[in-house]
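A.B. asks: I am sharing final-v3.json, which consists of JSON, C-alpha atoms:
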[["chain", "number", "residue", "atom", "x", "y", "z"],
["A", 717, "MET", "CA", 86.27, 56.39, 96.35],
["A", 718, "ALA", "CA", 82.71, 57.07, 97.48],
["A", 719, "LEU", "CA", 81.42, 56.42, 93.96],
["A", 720, "TYR", "CA", 83.78, 53.58, 93.01],
["A", 721, "PRO", "CA", 84.83, 51.77, 96.22],
["A", 722, "ALA", "CA", 86.02, 48.73, 94.25],
["A", 723, "HIS", "CA", 88.77, 50.92, 92.76],
["A", 724, "ARG", "CA", 90.06, 52.14, 96.12],
["A", 725, "ALA", "CA", 93.52, 50.58, 95.75],
["A", 726, "ASP", "CA", 94.12, 52.12, 92.35],
["A", 727, "ILE", "CA", 92.78, 55.52, 93.42],
["A", 728, "ASP", "CA", 94.95, 55.49, 96.56],
["A", 729, "ALA", "CA", 98.02, 54.66, 94.49],
["A", 730, "ARG", "CA", 97.33, 57.46, 92.01],
["A", 731, "LEU", "CA", 96.82, 59.94, 94.84],
["A", 732, "ALA", "CA", 100.04, 58.89, 96.53],
["A", 733, "ASN", "CA", 101.95, 59.25, 93.27],
["A", 734, "ASP", "CA", 100.53, 62.74, 92.70],
["A", 735, "LEU", "CA", 101.25, 63.90, 96.24],
["A", 736, "ALA", "CA", 104.81, 62.58, 96.00],
["A", 737, "THR", "CA", 105.54, 65.24, 93.38],
["A", 738, "MET", "CA", 104.50, 68.06, 95.72],
["A", 739, "PRO", "CA", 106.39, 69.66, 98.61],
["A", 740, "SER", "CA", 105.35, 68.43, 102.03],
["A", 741, "ASP", "CA", 104.64, 71.91, 103.32],
["A", 742, "ASN", "CA", 101.72, 73.79, 104.84],
["A", 743, "ALA", "CA", 100.33, 74.88, 101.47],
["A", 744, "THR", "CA", 100.08, 71.26, 100.30],
["A", 745, "GLN", "CA", 98.43, 70.19, 103.54],
["A", 746, "GLN", "CA", 95.92, 73.03, 103.35],
["A", 747, "GLY", "CA", 95.16, 72.07, 99.75],
["A", 748, "ILE", "CA", 94.46, 68.49, 100.80],
["A", 749, "LEU", "CA", 92.03, 69.70, 103.48],
["A", 750, "VAL", "CA", 90.21, 72.01, 101.08],
["A", 751, "GLY", "CA", 89.96, 69.27, 98.47],
["A", 752, "ARG", "CA", 88.50, 66.78, 100.92],
["A", 753, "ALA", "CA", 86.05, 69.35, 102.26],
["A", 754, "ALA", "CA", 84.87, 70.31, 98.77],
["A", 755, "ALA", "CA", 84.36, 66.65, 97.84],
["A", 756, "GLN", "CA", 82.37, 65.98, 101.01],
["A", 757, "ILE", "CA", 80.12, 68.98, 100.40],
["A", 758, "ILE", "CA", 79.31, 67.67, 96.92],
["A", 759, "LEU", "CA", 78.68, 64.13, 98.18],
["A", 760, "ASN", "CA", 76.43, 65.45, 100.96],
["A", 761, "SER", "CA", 74.46, 67.63, 98.56],
["A", 762, "ARG", "CA", 73.75, 64.65, 96.28],
["A", 763, "ALA", "CA", 73.23, 62.03, 98.99],
["A", 764, "HIS", "CA", 69.45, 62.07, 98.55],
["A", 765, "ASP", "CA", 69.14, 63.15, 94.92],
["A", 766, "GLY", "CA", 67.13, 60.10, 93.85],
["A", 767, "ALA", "CA", 69.83, 58.56, 91.66],
["A", 768, "ASP", "CA", 69.98, 55.46, 93.87],
["A", 769, "THR", "CA", 66.22, 55.04, 94.20],
["A", 770, "PRO", "CA", 65.10, 51.67, 92.80],
["A", 771, "PRO", "CA", 63.63, 52.36, 89.35],
["A", 772, "PRO", "CA", 59.92, 51.71, 88.89],
["A", 773, "PRO", "CA", 59.10, 48.80, 86.58],
["A", 774, "TYR", "CA", 57.95, 49.66, 83.08],
["A", 775, "VAL", "CA", 54.58, 48.29, 82.06],
["A", 776, "ALA", "CA", 54.53, 47.78, 78.31],
["A", 777, "ASP", "CA", 51.55, 49.19, 76.44],
["A", 778, "PRO", "CA", 50.63, 47.35, 73.22],
["A", 779, "THR", "CA", 48.98, 50.45, 71.75],
["A", 780, "PRO", "CA", 50.58, 51.37, 68.39],
["A", 781, "GLY", "CA", 53.23, 54.02, 68.92],
["A", 782, "ARG", "CA", 53.98, 53.02, 72.51],
["A", 783, "TYR", "CA", 57.43, 51.73, 73.46],
["A", 784, "GLN", "CA", 57.84, 47.99, 73.82],
["A", 785, "PRO", "CA", 61.03, 46.13, 74.77],
["A", 786, "THR", "CA", 63.00, 45.33, 71.64],
["A", 787, "PRO", "CA", 64.77, 42.29, 70.18],
["A", 788, "PRO", "CA", 66.98, 40.43, 70.45],
["A", 789, "ALA", "CA", 67.08, 40.48, 74.27],
["A", 790, "PHE", "CA", 63.80, 42.30, 74.98],
["A", 791, "ALA", "CA", 65.60, 43.83, 77.96],
["A", 792, "ALA", "CA", 63.71, 45.74, 80.62],
["A", 793, "PRO", "CA", 63.77, 49.52, 80.02],
["A", 794, "VAL", "CA", 66.50, 51.45, 81.84],
["A", 795, "PHE", "CA", 66.47, 54.70, 83.87],
["A", 796, "THR", "CA", 62.69, 54.60, 84.25],
["A", 797, "GLY", "CA", 62.91, 56.76, 87.36],
["A", 798, "TRP", "CA", 65.58, 59.18, 86.17],
["A", 799, "ALA", "CA", 63.08, 62.02, 85.65],
["A", 800, "ALA", "CA", 62.71, 62.08, 89.43],
["A", 801, "VAL", "CA", 66.44, 62.62, 90.03],
["A", 802, "MET", "CA", 67.21, 66.07, 91.42],
["A", 803, "PRO", "CA", 68.83, 68.20, 88.69],
["A", 804, "PHE", "CA", 72.04, 70.10, 89.34],
["A", 805, "VAL", "CA", 70.88, 73.39, 87.80],
["A", 806, "LEU", "CA", 67.45, 72.95, 86.20],
["A", 807, "HIS", "CA", 64.41, 73.69, 88.34],
["A", 808, "SER", "CA", 62.86, 70.40, 87.28],
["A", 809, "ALA", "CA", 63.35, 67.60, 84.80],
["A", 810, "ASP", "CA", 60.47, 68.83, 82.65],
["A", 811, "GLN", "CA", 61.65, 72.46, 82.45],
["A", 812, "PHE", "CA", 62.50, 72.15, 78.75],
["A", 813, "ARG", "CA", 60.40, 69.11, 77.89],
["A", 814, "PRO", "CA", 59.98, 69.02, 74.09],
["A", 815, "ALA", "CA", 56.57, 68.97, 72.44],
["A", 816, "ALA", "CA", 55.08, 65.59, 71.67],
["A", 817, "PRO", "CA", 56.44, 63.78, 68.60],
["A", 818, "PRO", "CA", 54.44, 63.93, 65.36],
["A", 819, "ALA", "CA", 51.30, 61.83, 65.26],
["A", 820, "LEU", "CA", 51.64, 58.35, 63.77],
["A", 821, "ASP", "CA", 49.37, 59.27, 60.86],
["A", 822, "SER", "CA", 51.34, 62.43, 59.95],
["A", 823, "GLN", "CA", 53.60, 62.97, 56.94],
["A", 824, "ALA", "CA", 56.46, 64.03, 59.23],
["A", 825, "TYR", "CA", 56.31, 60.73, 61.09],
["A", 826, "ALA", "CA", 56.18, 58.71, 57.86],
["A", 827, "ALA", "CA", 59.13, 60.57, 56.34],
["A", 828, "ALA", "CA", 61.28, 60.11, 59.45],
["A", 829, "LEU", "CA", 60.48, 56.42, 59.83],
["A", 830, "THR", "CA", 61.03, 55.71, 56.13],
["A", 831, "GLU", "CA", 64.45, 57.38, 56.27],
["A", 832, "THR", "CA", 65.53, 55.14, 59.14],
["A", 833, "GLN", "CA", 64.00, 52.10, 57.48],
["A", 834, "GLN", "CA", 66.17, 52.73, 54.43],
["A", 835, "LEU", "CA", 69.40, 54.04, 55.97],
["A", 836, "GLY", "CA", 69.40, 52.10, 59.23],
["A", 837, "ALA", "CA", 68.66, 48.62, 57.92],
["A", 838, "LYS", "CA", 71.40, 46.06, 58.49],
["A", 839, "SER", "CA", 71.21, 45.16, 54.81],
["A", 840, "SER", "CA", 70.72, 48.73, 53.52],
["A", 841, "ALA", "CA", 71.83, 49.53, 49.97],
["A", 842, "SER", "CA", 71.13, 53.25, 50.55],
["A", 843, "ARG", "CA", 73.66, 53.87, 53.31],
["A", 844, "THR", "CA", 77.13, 55.01, 52.27],
["A", 845, "ALA", "CA", 80.33, 53.38, 53.52],
["A", 846, "GLU", "CA", 81.06, 56.42, 55.68],
["A", 847, "GLN", "CA", 77.58, 56.35, 57.19],
["A", 848, "THR", "CA", 77.99, 52.65, 57.96],
["A", 849, "GLN", "CA", 81.26, 53.41, 59.70],
["A", 850, "ASP", "CA", 79.68, 56.30, 61.62],
["A", 851, "ALA", "CA", 77.02, 53.96, 62.99],
["A", 852, "THR", "CA", 79.75, 52.05, 64.83],
["A", 853, "PHE", "CA", 82.18, 54.93, 65.41],
["A", 854, "TRP", "CA", 79.79, 56.87, 67.67],
["A", 855, "ALA", "CA", 78.26, 53.81, 69.37],
["A", 856, "GLY", "CA", 80.02, 54.21, 72.72],
["A", 857, "PRO", "CA", 78.82, 56.26, 75.73],
["A", 858, "ILE", "CA", 78.51, 59.66, 74.07],
["A", 859, "GLN", "CA", 79.49, 61.69, 77.13],
["A", 860, "ASN", "CA", 82.93, 60.06, 77.03],
["A", 861, "TYR", "CA", 83.57, 61.37, 73.52],
["A", 862, "TRP", "CA", 82.75, 64.92, 74.57],
["A", 863, "ASN", "CA", 84.89, 64.88, 77.69],
["A", 864, "SER", "CA", 87.77, 63.69, 75.51],
["A", 865, "ILE", "CA", 87.07, 66.44, 72.96],
["A", 866, "ALA", "CA", 86.99, 69.04, 75.74],
["A", 867, "ASP", "CA", 90.27, 67.77, 77.16],
["A", 868, "GLN", "CA", 91.94, 67.98, 73.75],
["A", 869, "VAL", "CA", 90.63, 71.44, 72.92],
["A", 870, "ALA", "CA", 91.39, 72.88, 76.37],
["A", 871, "ALA", "CA", 94.98, 71.63, 76.13],
["A", 872, "GLY", "CA", 95.29, 73.03, 72.61],
["A", 873, "HIS", "CA", 94.21, 76.45, 73.82],
["A", 874, "GLY", "CA", 96.59, 76.30, 76.78],
["A", 875, "THR", "CA", 93.71, 76.65, 79.20],
["A", 876, "ASP", "CA", 95.09, 76.80, 82.75],
["A", 877, "LEU", "CA", 94.11, 74.51, 85.60],
["A", 878, "ASP", "CA", 91.48, 76.77, 87.18],
["A", 879, "HIS", "CA", 89.70, 77.53, 83.93],
["A", 880, "SER", "CA", 89.90, 73.89, 82.83],
["A", 881, "ALA", "CA", 88.31, 72.77, 86.10],
["A", 882, "TYR", "CA", 85.55, 75.32, 85.64],
["A", 883, "LEU", "CA", 85.01, 74.22, 82.02],
["A", 884, "PHE", "CA", 84.58, 70.58, 83.00],
["A", 885, "THR", "CA", 82.24, 71.59, 85.82],
["A", 886, "GLN", "CA", 80.01, 73.36, 83.30],
["A", 887, "LEU", "CA", 80.31, 70.56, 80.76],
["A", 888, "ASP", "CA", 79.45, 67.65, 83.01],
["A", 889, "THR", "CA", 76.82, 69.50, 85.03],
["A", 890, "THR", "CA", 75.14, 70.29, 81.72],
["A", 891, "LEU", "CA", 75.44, 66.67, 80.55],
["A", 892, "ALA", "CA", 73.95, 65.46, 83.83],
["A", 893, "ASP", "CA", 70.93, 67.75, 83.60],
["A", 894, "ALA", "CA", 70.51, 67.04, 79.89],
["A", 895, "THR", "CA", 70.32, 63.35, 80.79],
["A", 896, "ILE", "CA", 67.70, 63.92, 83.48],
["A", 897, "ALA", "CA", 65.65, 66.04, 81.07],
["A", 898, "LEU", "CA", 66.07, 63.40, 78.36],
["A", 899, "TYR", "CA", 64.57, 60.61, 80.42],
["A", 900, "ASP", "CA", 61.74, 62.81, 81.57],
["A", 901, "ALA", "CA", 60.76, 63.26, 77.92],
["A", 902, "LYS", "CA", 61.41, 59.65, 76.93],
["A", 903, "TYR", "CA", 59.08, 58.20, 79.56],
["A", 904, "THR", "CA", 56.51, 60.95, 79.16],
["A", 905, "TYR", "CA", 55.98, 60.16, 75.48],
["A", 906, "GLN", "CA", 57.07, 56.49, 75.47],
["A", 907, "LEU", "CA", 57.54, 56.45, 71.68],
["A", 908, "TRP", "CA", 58.30, 53.07, 70.18],
["A", 909, "ARG", "CA", 61.69, 52.39, 68.65],
["A", 910, "PRO", "CA", 62.17, 52.11, 64.87],
["A", 911, "ILE", "CA", 62.48, 48.32, 64.95],
["A", 912, "THR", "CA", 59.02, 48.05, 66.50],
["A", 913, "ALA", "CA", 57.55, 50.85, 64.39],
["A", 914, "ILE", "CA", 58.77, 49.33, 61.13],
["A", 915, "ARG", "CA", 57.76, 45.77, 61.95],
["A", 916, "GLN", "CA", 54.31, 46.95, 63.07],
["A", 917, "ALA", "CA", 53.82, 49.73, 60.51],
["A", 918, "ASP", "CA", 50.59, 48.12, 59.36],
["A", 919, "THR", "CA", 49.04, 49.27, 62.67],
["A", 920, "ASP", "CA", 49.99, 52.97, 62.50],
["A", 921, "GLN", "CA", 47.12, 54.09, 60.21],
["A", 922, "ASN", "CA", 49.64, 55.82, 57.94],
["A", 923, "ASP", "CA", 49.68, 55.09, 54.21],
["A", 924, "GLY", "CA", 53.17, 56.57, 54.03],
["A", 925, "THR", "CA", 54.78, 53.75, 56.01],
["A", 926, "THR", "CA", 55.42, 50.16, 54.96],
["A", 927, "ALA", "CA", 55.65, 47.24, 57.33],
["A", 928, "ASN", "CA", 58.61, 44.87, 57.22],
["A", 929, "VAL", "CA", 58.30, 42.18, 59.88],
["A", 930, "THR", "CA", 61.89, 40.97, 59.40],
["A", 931, "TRP", "CA", 63.59, 44.40, 59.40],
["A", 932, "GLU", "CA", 66.75, 44.61, 61.51],
["A", 933, "PRO", "CA", 68.84, 47.65, 62.45],
["A", 934, "VAL", "CA", 72.61, 47.91, 62.20],
["A", 935, "ALA", "CA", 73.01, 48.26, 65.98],
["A", 936, "THR", "CA", 71.25, 46.66, 68.90],
["A", 937, "THR", "CA", 68.46, 48.98, 70.02],
["A", 938, "PRO", "CA", 68.97, 50.56, 73.47],
["A", 939, "ALA", "CA", 66.47, 49.60, 76.15],
["A", 940, "ASP", "CA", 64.50, 52.84, 76.42],
["A", 941, "PRO", "CA", 61.92, 54.80, 74.41],
["A", 942, "SER", "CA", 62.99, 56.50, 71.19],
["A", 943, "TYR", "CA", 62.10, 60.18, 71.65],
["A", 944, "PRO", "CA", 64.21, 62.28, 72.05],
["A", 945, "GLY", "CA", 67.61, 60.92, 71.00],
["A", 946, "ALA", "CA", 70.29, 60.76, 73.70],
["A", 947, "HIS", "CA", 73.27, 61.16, 71.36],
["A", 948, "SER", "CA", 71.74, 64.29, 69.88],
["A", 949, "ASP", "CA", 70.73, 65.70, 73.25],
["A", 950, "LEU", "CA", 74.08, 65.21, 74.96],
["A", 951, "SER", "CA", 76.19, 66.08, 71.92],
["A", 952, "PHE", "CA", 74.52, 69.43, 71.31],
["A", 953, "ALA", "CA", 74.54, 70.18, 75.03],
["A", 954, "ALA", "CA", 78.30, 69.59, 75.10],
["A", 955, "ALA", "CA", 78.94, 71.41, 71.83],
["A", 956, "THR", "CA", 77.06, 74.45, 73.15],
["A", 957, "VAL", "CA", 79.16, 74.56, 76.31],
["A", 958, "LEU", "CA", 82.44, 74.24, 74.40],
["A", 959, "ALA", "CA", 81.43, 76.82, 71.80],
["A", 960, "HIS", "CA", 80.56, 79.22, 74.59],
["A", 961, "GLN", "CA", 84.12, 78.95, 75.84],
["A", 962, "TYR", "CA", 86.10, 78.70, 72.60],
["A", 963, "GLY", "CA", 83.72, 79.57, 69.75],
["A", 964, "ASP", "CA", 82.25, 76.92, 67.47],
["A", 965, "SER", "CA", 85.22, 76.80, 65.07],
["A", 966, "ASN", "CA", 87.94, 74.57, 66.51],
["A", 967, "ARG", "CA", 89.91, 71.78, 64.88],
["A", 968, "PHE", "CA", 89.98, 68.52, 66.83],
["A", 969, "THR", "CA", 90.20, 64.79, 66.26],
["A", 970, "VAL", "CA", 87.81, 62.26, 67.73],
["A", 971, "THR", "CA", 88.72, 58.65, 68.44],
["A", 972, "SER", "CA", 86.33, 55.81, 69.19],
["A", 973, "SER", "CA", 86.38, 52.99, 71.71],
["A", 974, "THR", "CA", 83.92, 51.08, 69.52],
["A", 975, "LEU", "CA", 85.93, 51.46, 66.30],
["A", 976, "PRO", "CA", 89.62, 51.51, 67.28],
["A", 977, "GLY", "CA", 92.05, 52.81, 64.69],
["A", 978, "VAL", "CA", 89.53, 55.09, 62.99],
["A", 979, "ASP", "CA", 89.61, 58.85, 63.59],
["A", 980, "ARG", "CA", 87.26, 61.67, 62.70],
["A", 981, "THR", "CA", 88.57, 65.24, 62.39],
["A", 982, "PHE", "CA", 86.21, 68.22, 62.70],
["A", 983, "SER", "CA", 86.55, 71.96, 62.45],
["A", 984, "GLN", "CA", 83.39, 72.82, 64.39],
["A", 985, "PHE", "CA", 81.81, 71.46, 67.56],
["A", 986, "SER", "CA", 78.38, 71.66, 65.94],
["A", 987, "ASP", "CA", 79.53, 69.44, 63.07],
["A", 988, "ALA", "CA", 80.68, 66.75, 65.46],
["A", 989, "ALA", "CA", 77.40, 66.97, 67.37],
["A", 990, "THR", "CA", 75.44, 66.58, 64.14],
["A", 991, "ALA", "CA", 77.54, 63.60, 63.09],
["A", 992, "ALA", "CA", 77.00, 61.91, 66.44],
["A", 993, "GLY", "CA", 73.24, 62.49, 66.32],
["A", 994, "LEU", "CA", 72.78, 61.34, 62.73],
["A", 995, "SER", "CA", 74.86, 58.23, 63.37],
["A", 996, "ARG", "CA", 71.94, 56.84, 65.35],
["A", 997, "ILE", "CA", 69.75, 57.03, 62.26],
["A", 998, "TYR", "CA", 72.41, 55.11, 60.32],
["A", 999, "ALA", "CA", 72.51, 52.61, 63.18],
["A", 1000, "GLY", "CA", 68.74, 52.12, 62.83],
["A", 1001, "VAL", "CA", 67.92, 52.96, 66.44],
["A", 1002, "HIS", "CA", 66.50, 56.50, 66.04],
["A", 1003, "THR", "CA", 64.66, 58.66, 63.52],
["A", 1004, "ARG", "CA", 65.26, 62.24, 62.49],
["A", 1005, "VAL", "CA", 62.34, 63.25, 64.71],
["A", 1006, "ASP", "CA", 64.30, 61.93, 67.71],
["A", 1007, "HIS", "CA", 67.46, 63.66, 66.50],
["A", 1008, "GLU", "CA", 65.86, 67.08, 66.10],
["A", 1009, "ALA", "CA", 64.09, 66.96, 69.46],
["A", 1010, "GLY", "CA", 67.28, 65.85, 71.18],
["A", 1011, "ARG", "CA", 69.27, 68.63, 69.53],
["A", 1012, "GLU", "CA", 66.87, 71.33, 70.71],
["A", 1013, "LEU", "CA", 66.65, 69.90, 74.22],
["A", 1014, "GLY", "CA", 70.43, 69.76, 74.60],
["A", 1015, "ILE", "CA", 70.88, 73.34, 73.40],
["A", 1016, "GLN", "CA", 68.16, 74.63, 75.73],
["A", 1017, "VAL", "CA", 69.60, 72.89, 78.77],
["A", 1018, "ALA", "CA", 73.12, 74.12, 77.97],
["A", 1019, "ASP", "CA", 72.00, 77.70, 77.36],
["A", 1020, "TYR", "CA", 70.21, 77.71, 80.69],
["A", 1021, "VAL", "CA", 73.17, 76.30, 82.63],
["A", 1022, "LEU", "CA", 75.51, 78.78, 80.94],
["A", 1023, "SER", "CA", 73.21, 81.69, 81.76],
["A", 1024, "LEU", "CA", 73.56, 80.90, 85.46],
["A", 1025, "THR", "CA", 77.27, 80.03, 85.43],
["A", 1026, "PRO", "CA", 79.11, 82.78, 83.54],
["A", 1027, "ARG", "CA", 82.73, 82.26, 82.54],
["A", 1028, "PRO", "CA", 85.23, 83.23, 85.25],
["A", 1029, "ALA", "CA", 87.52, 86.17, 84.60]]
In structure tokens, write the structure found in this file.
C.D. replies:
Amino acid sequence: MALYPAHRADIDARLANDLATMPSDNATQQGILVGRAAAQIILNSRAHDGADTPPPPYVADPTPGRYQPTPPAFAAPVFTGWAAVMPFVLHSADQFRPAAPPALDSQAYAAALTETQQLGAKSSASRTAEQTQDATFWAGPIQNYWNSIADQVAAGHGTDLDHSAYLFTQLDTTLADATIALYDAKYTYQLWRPITAIRQADTDQNDGTTANVTWEPVATTPADPSYPGAHSDLSFAAATVLAHQYGDSNRFTVTSSTLPGVDRTFSQFSDAATAAGLSRIYAGVHTRVDHEAGRELGIQVADYVLSLTPRPA
């Protein structure tokens, strides 16, 4: 209720329904007290974490390679101050900051941009039907997919309540810190998005790129810099946590809020993470450079969190 006061009535009703199934004895009452105390400790510890600090305005830099708000809405960049939010486990947001992206005049940059220009174009003839579907399938908030995957896999393994609670603590703490680290890197490097890079490719001093001033991506470009990729970062962070608990090989089915009625079945967490990351190339909003940096960042953050929070017996 502290986080979502507008939903107080619904939350109260759910709580009442849950408590109605329990005996009205001393053990239940003690459990209620412990639960409230634990929640208050968490709320107190995060009361001044910087998440509610008004974000600083972003001043666009017209220099080639620098992020600029993107069409069609040219919305103001989001989470500009998120690097200053206090992490849950990391020492600082920049603890695992990736190296700078390849220079605009490099072959690596040209290859990555050309791939997105071909596969991520709204009118692409290079993208397969499955890739086109993936661009929409994974378009929702990526952390929601991974919480759903974790719920499904934990239930399939018969994981008990205590271990499930601990698993979700590790998962979402990792996702939170991976997000903080992500925005630190994004606003440190301020790399332009593919739609800007492709339309202004005649300014990048790279003979390996070709400008197309009318190029459009499959999806609307998110309002933040390109590097690293959020889907890749959060997906590999989550996959690392789940593989730590259950091993990488697990069969599970993923559903999508952005493409209802379509399912994806995987046999490895890492495969699902790769699919989610690459989908943003097919959507035209990221390049492989963003994907690879996000993947490494997510793995590093997860490995660090896991090293400090070993599995309970």
A.B. asks: Could you work out how far CA of Gln886 (chain A) lies from CA of Leu1022 (chain A), giving the answer in Å with one decimal?
C.D. replies: 7.4 Å
A.B. asks: I'd like the interatomic distance between CA of Val805 (chain A) and CA of Val1021 (chain A), to a tenth of an Å.
C.D. replies: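 Interatomic distance, CA of Val805 (chain A) to CA of Val1021 (chain A): 6.4 Å.
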A.B. asks: Got a sec: who's within 9 Å of region 969-986 of chain A, counting only C-alpha atoms, leaving out chain neighbours fewer than 6 positions off, as a PyMOL selection string?
C.D. replies: chain A and resi 849+852-856+861-862+864-865+868+951-952+954-956+958-959+963
A.B. asks: Output the selection as a JSON list (two decimals), keeping the file's coordinate frame - C-alpha atoms for each residue.
C.D. replies:
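Dumped to part06.json:
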[["chain", "number", "residue", "atom", "x", "y", "z"],
["A", 849, "GLN", "CA", 81.26, 53.41, 59.70],
["A", 852, "THR", "CA", 79.75, 52.05, 64.83],
["A", 853, "PHE", "CA", 82.18, 54.93, 65.41],
["A", 854, "TRP", "CA", 79.79, 56.87, 67.67],
["A", 855, "ALA", "CA", 78.26, 53.81, 69.37],
["A", 856, "GLY", "CA", 80.02, 54.21, 72.72],
["A", 861, "TYR", "CA", 83.57, 61.37, 73.52],
["A", 862, "TRP", "CA", 82.75, 64.92, 74.57],
["A", 864, "SER", "CA", 87.77, 63.69, 75.51],
["A", 865, "ILE", "CA", 87.07, 66.44, 72.96],
["A", 868, "GLN", "CA", 91.94, 67.98, 73.75],
["A", 951, "SER", "CA", 76.19, 66.08, 71.92],
["A", 952, "PHE", "CA", 74.52, 69.43, 71.31],
["A", 954, "ALA", "CA", 78.30, 69.59, 75.10],
["A", 955, "ALA", "CA", 78.94, 71.41, 71.83],
["A", 956, "THR", "CA", 77.06, 74.45, 73.15],
["A", 958, "LEU", "CA", 82.44, 74.24, 74.40],
["A", 959, "ALA", "CA", 81.43, 76.82, 71.80],
["A", 963, "GLY", "CA", 83.72, 79.57, 69.75]]
A.B. asks: If you count all atoms listed in the file, which residues fall within 12 Å of Tyr1020 (chain A), apart from same-chain ones fewer than 2 positions away, as an NGL selection string?
C.D. replies: :A and (804-807 or 811-812 or 886 or 889-890 or 893-894 or 953 or 956-957 or 1013-1018 or 1022-1026)
A.B. asks: Which one of A:Gly836, A:Pro941, A:Pro933, A:Pro772 sits closest to Arg909 (chain A) if you count only C-alpha atoms?
C.D. replies: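 Answer, going by the shortest atom-to-atom distance: A:Pro941.
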A.B. asks: Just the number, please: distance in Å from CA of Thr937 (chain A) to CA of Thr786 (chain A), one decimal.
C.D. replies: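 CA of Thr786 (chain A) lies at a distance of 6.8 Å from CA of Thr937 (chain A).
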A.B. asks: For Arg813 (chain A), please output as a list in words all residues within 7 Å (counting all atoms listed in the file; exclusion window: fewer than 3 positions along the same chain).
C.D. replies: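 The filter keeps Asp810, Ala897 and Ala901 of chain A.
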A.B. asks: Around the point (53.6, 48.1, 84.6), in the coordinates given by the file, pick out the residues reaching within 12 Å, counting all atoms listed in the file, and return them as a PyMOL selection string.
C.D. replies: chain A and resi 771-778+784+792-793+796
A.B. asks: Residues near Gly993 (chain A), anyone? I mean within 6 Å using only C-alpha atoms, not counting same-chain ones fewer than 4 positions away, as number ranges by chain.
C.D. replies: A: 947-948, 1007
A.B. asks: Find, counting all atoms listed in the file, the residue in A:Pro818, A:Val869, A:Arg752, A:Ala732 that gets nearest to Tyr962 (chain A).
C.D. replies: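 The closest residue to Tyr962 (chain A) is A:Val869.
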A.B. asks: Using all atoms listed in the file, can you tell me which of A:Ala799, A:Arg1004, A:Gln859, A:Ala743 comes closest to Tyr903 (chain A)?
C.D. replies: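 Among the listed residues, the smallest separation from Tyr903 (chain A) belongs to A:Ala799.
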A.B. asks: List the spatial neighbours of Glu932 (chain A) as a list in words - criterion: any atom at most 9 Å away, all atoms listed in the file, same-chain residues fewer than 4 positions off excluded.
C.D. replies: Gln833, Gly836, Ala837, Lys838, Ser839, Ile911, Thr936 and Gly1000 of chain A
A.B. asks: Store the residues of this selection in a file with C-alpha atoms, as an mmCIF file, in the frame of the given file.
C.D. replies:
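The resulting file, again.cif, is shown below:
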data_model
loop_
_atom_site.group_PDB
_atom_site.id
_atom_site.type_symbol
_atom_site.label_atom_id
_atom_site.label_comp_id
_atom_site.auth_asym_id
_atom_site.auth_seq_id
_atom_site.Cartn_x
_atom_site.Cartn_y
_atom_site.Cartn_z
ATOM 1 C CA GLN A 833 64.000 52.100 57.480
ATOM 2 C CA GLY A 836 69.400 52.100 59.230
ATOM 3 C CA ALA A 837 68.660 48.620 57.920
ATOM 4 C CA LYS A 838 71.400 46.060 58.490
ATOM 5 C CA SER A 839 71.210 45.160 54.810
ATOM 6 C CA ILE A 911 62.480 48.320 64.950
ATOM 7 C CA THR A 936 71.250 46.660 68.900
ATOM 8 C CA GLY A 1000 68.740 52.120 62.830
#
A.B. asks: A:Met738, A:Ala767, A:Ala939, A:Leu829: which is nearest Gln916 (chain A), counting all atoms listed in the file?
C.D. replies: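 With all atoms listed in the file as the atom set, the closest residue is A:Leu829.
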